[in-house]
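Here the structure is laid out as structure tokens; the discussion comes afterwards.
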Amino acid sequence: MLVKINDIDISNNKVKVTQLDIDDYGSVIPIKELELKIPPYDDSIIQTLKNSPYAAIFTQDSIEENNSIIILVNGMTIDELNKEKKKTIDKAAS
């Protein structure tokens, strides 16, 4: 799931994110706000969340549920997000 990182609560091992989608015209559309759990003592996930405004997040449970546990995070810069937007536009145009 593509998300924007809104707030990280390290003491409670939670992160607030906005689930995003990219439409055929390259617009980033906010879908909904989620609060996800960070596995305790997983510094790599915390550091990635801290250093990235956007991320592709994979969770243990359904991506539609609050409090799902994050199992993998791939941080994204604004440039990487723009590349994804361009790919979506190109795919829709073909």
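To be explicit about the labels: the chains of the structure tokens are called A, B, and onward in the order shown, and within each one the residues are counted from 1, while ligands get numbers from 1 in the order they are shown.
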
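For Asn12 in chain A, the list of residues within 10 Å, based on only C-alpha atoms and with local chain neighbours fewer than 4 positions off taken out, reads Ile8, Lys37, Ile38 and Pro40 of chain A.
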
Could you write out the selected residues, including N, CA, C and O atoms, as a short mmCIF file (atom, residue, chain, number, x, y, z; two decimals), in the first residue's frame?
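Below you can see part.cif, which holds the result:
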```cif
data_model
loop_
_atom_site.label_atom_id
_atom_site.label_comp_id
_atom_site.auth_asym_id
_atom_site.auth_seq_id
_atom_site.Cartn_x
_atom_site.Cartn_y
_atom_site.Cartn_z
N ILE A 8 4.69 9.55 13.74
CA ILE A 8 5.27 8.33 14.30
C ILE A 8 5.27 8.45 15.81
O ILE A 8 5.82 9.41 16.36
N LYS A 37 0.57 -0.57 13.48
CA LYS A 37 1.52 -0.93 14.54
C LYS A 37 2.90 -1.17 13.95
O LYS A 37 3.04 -1.76 12.88
N ILE A 38 3.91 -0.72 14.68
CA ILE A 38 5.31 -0.98 14.33
C ILE A 38 5.77 -2.12 15.22
O ILE A 38 5.58 -2.07 16.44
N PRO A 40 7.75 -4.11 17.79
CA PRO A 40 8.68 -3.61 18.80
C PRO A 40 10.12 -4.01 18.48
O PRO A 40 10.37 -5.09 17.97
#
```

Subject >> Exercise: Asp24 in chain A partners within 12 Å, only C-alpha atoms, chain neighbours under 5 positions left out, as a list in words >> reply: Ile29, Glu84, Lys85, Lys86, Lys87, Thr88, Ile89, Asp90, Lys91, Ala92, Ala93 and Ser94 of chain A

**OP:** Could you give me, as a list of chain:residue names, the residues within 12 Å of Ser44 in chain A, counting only C-alpha atoms and dropping anything in the same chain fewer than 3 positions from it?
**Re:** A:Ile38, A:Pro39, A:Pro40, A:Tyr41, A:Gln47, A:Thr48, A:Leu49, A:Lys50, A:Asn51, A:Ile70, A:Ile71, A:Leu72, A:Val73, A:Asn74, A:Gly75

**OP:** Looking only at alpha helix (DSSP H) from DSSP on the backbone, list the matching residues of chain A as an NGL selection string.
**Re:** :A and (43-51 or 78-93)

**OP:** Could you check which of A:Lys14, A:Ser27, A:Asp43, A:Leu2 is closest to Ala56 in chain A, using only C-alpha atoms?
**Re:** A:Leu2

If we count only C-alpha atoms, what is near Asn66 in chain A at a cut-off of 10 Å, once residues fewer than 3 positions away on the same chain are taken out, given as a short mmCIF file (atom, residue, chain, number, x, y, z; two decimals) with C-alpha atoms, in the first residue's frame?
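Saved to part_32.cif:
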```
data_model
loop_
_atom_site.label_atom_id
_atom_site.label_comp_id
_atom_site.auth_asym_id
_atom_site.auth_seq_id
_atom_site.Cartn_x
_atom_site.Cartn_y
_atom_site.Cartn_z
CA LYS A 16 -0.36 7.31 11.48
CA GLU A 33 -6.29 7.61 7.43
CA LEU A 34 -4.85 4.54 9.15
CA GLU A 35 -3.01 3.85 12.38
CA LEU A 36 -0.62 0.92 12.01
CA LYS A 37 1.52 -0.93 14.54
CA ASP A 61 -3.16 -8.38 8.12
CA SER A 62 -5.51 -6.72 5.67
CA ILE A 63 -4.30 -3.34 4.47
CA ILE A 69 1.27 -4.78 12.02
#
```

Subject >> Residue neighbourhood Val3 in chain A, 8 Å, only C-alpha atoms, exclusion window fewer than 4 positions, as a list in words >> reply: Val17, Thr18, Gln19, Leu20, Tyr54, Ala55, Ala56 and Ile57 of chain A

Put those residues in a file: N, CA, C and O atoms, as a PDB file, in the first residue's frame.
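Dumped everything to out.pdb:
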```
ATOM      1  N   VAL A  17      -0.750   7.080   9.117  1.00  0.00           N
ATOM      2  CA  VAL A  17      -0.479   7.252   7.690  1.00  0.00           C
ATOM      3  C   VAL A  17      -1.771   7.589   6.957  1.00  0.00           C
ATOM      4  O   VAL A  17      -2.863   7.349   7.467  1.00  0.00           O
ATOM      5  N   THR A  18      -1.601   8.123   5.759  1.00  0.00           N
ATOM      6  CA  THR A  18      -2.721   8.304   4.842  1.00  0.00           C
ATOM      7  C   THR A  18      -2.502   7.352   3.677  1.00  0.00           C
ATOM      8  O   THR A  18      -1.469   7.431   3.002  1.00  0.00           O
ATOM      9  N   GLN A  19      -3.441   6.441   3.466  1.00  0.00           N
ATOM     10  CA  GLN A  19      -3.358   5.528   2.327  1.00  0.00           C
ATOM     11  C   GLN A  19      -3.621   6.331   1.060  1.00  0.00           C
ATOM     12  O   GLN A  19      -4.554   7.144   1.010  1.00  0.00           O
ATOM     13  N   LEU A  20      -2.777   6.141   0.046  1.00  0.00           N
ATOM     14  CA  LEU A  20      -2.859   6.907  -1.196  1.00  0.00           C
ATOM     15  C   LEU A  20      -3.098   5.996  -2.399  1.00  0.00           C
ATOM     16  O   LEU A  20      -2.771   4.814  -2.362  1.00  0.00           O
ATOM     17  N   TYR A  54       7.048   9.426   2.110  1.00  0.00           N
ATOM     18  CA  TYR A  54       6.110   8.460   1.529  1.00  0.00           C
ATOM     19  C   TYR A  54       6.733   7.073   1.635  1.00  0.00           C
ATOM     20  O   TYR A  54       7.952   6.939   1.748  1.00  0.00           O
ATOM     21  N   ALA A  55       5.878   6.043   1.551  1.00  0.00           N
ATOM     22  CA  ALA A  55       6.407   4.680   1.632  1.00  0.00           C
ATOM     23  C   ALA A  55       5.431   3.689   1.017  1.00  0.00           C
ATOM     24  O   ALA A  55       4.218   3.944   0.957  1.00  0.00           O
ATOM     25  N   ALA A  56       5.988   2.572   0.583  1.00  0.00           N
ATOM     26  CA  ALA A  56       5.185   1.400   0.243  1.00  0.00           C
ATOM     27  C   ALA A  56       5.263   0.507   1.474  1.00  0.00           C
ATOM     28  O   ALA A  56       6.355   0.137   1.908  1.00  0.00           O
ATOM     29  N   ILE A  57       4.113   0.227   2.063  1.00  0.00           N
ATOM     30  CA  ILE A  57       4.063  -0.532   3.313  1.00  0.00           C
ATOM     31  C   ILE A  57       3.325  -1.842   3.092  1.00  0.00           C
ATOM     32  O   ILE A  57       2.277  -1.873   2.454  1.00  0.00           O
TER      33      ILE A  57
END
```

Original post:
Among chain A, which ones does DSSP place in strand (DSSP E), written as a count of residues only?
Top reply: 40
